[in-house]
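Visitor: The structure follows.
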Amino acid sequence: MTEGCSMWLVWCGALLLVLKWFEVDPVATWSWWWILAPLAAAFVWFEFFERMFGRDRRQVEMAEYEKRAKQRVADTFEGFRKGRAGRS
């Protein structure tokens, strides 16, 4: 849930940048502070709050868990294939 929230900030900031760059009517008159605010909020979120809540460690642990799970599956099917090849 929180990852989606922070990514929305990045996408909104990127959209505002594009609208400001191409001078789309309501956004063209806005201050650059308003345009860059979502990107600054996303930066703060990724740099400070993710570490505070431990999400960065959990993502690394999940990636390691998925890697081990894929390796177990690969080992299982490799053994299965070797067993099959021996029977033929």
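Going through the structure tokens in order, the chains are called A, B, and so on, while each chain numbers its residues from 1 and the ligands are numbered from 1 in the order shown.
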Do a neighbour search on stretch 39-49 of chain A at 10 Å with only C-alpha atoms, toss out local chain neighbours closer than 2 positions, and write the hits as a ChimeraX atom specification.

Guide: /A:2-3,5-14,16-17,33-37,51-56

Visitor: Can you tell me, as a VMD selection string, which residues in chain A count as alpha helix (DSSP H) by DSSP?

Guide: chain A and resid 2 to 21 25 to 28 32 to 44 50 to 53 55 to 87

Visitor: Atom CA of A:Ser31 to atom CA of A:Leu15: how many Å, to one decimal?

Guide: 14.9 Å

Visitor: With a distance cut-off of 9 Å and only C-alpha atoms, select the neighbouring residues of A:Lys20, excluding the residue or stretch itself and same-chain residues fewer than 6 positions from it, and output the selection as an NGL selection string.

Guide: :A and (26-30 or 32 or 35)
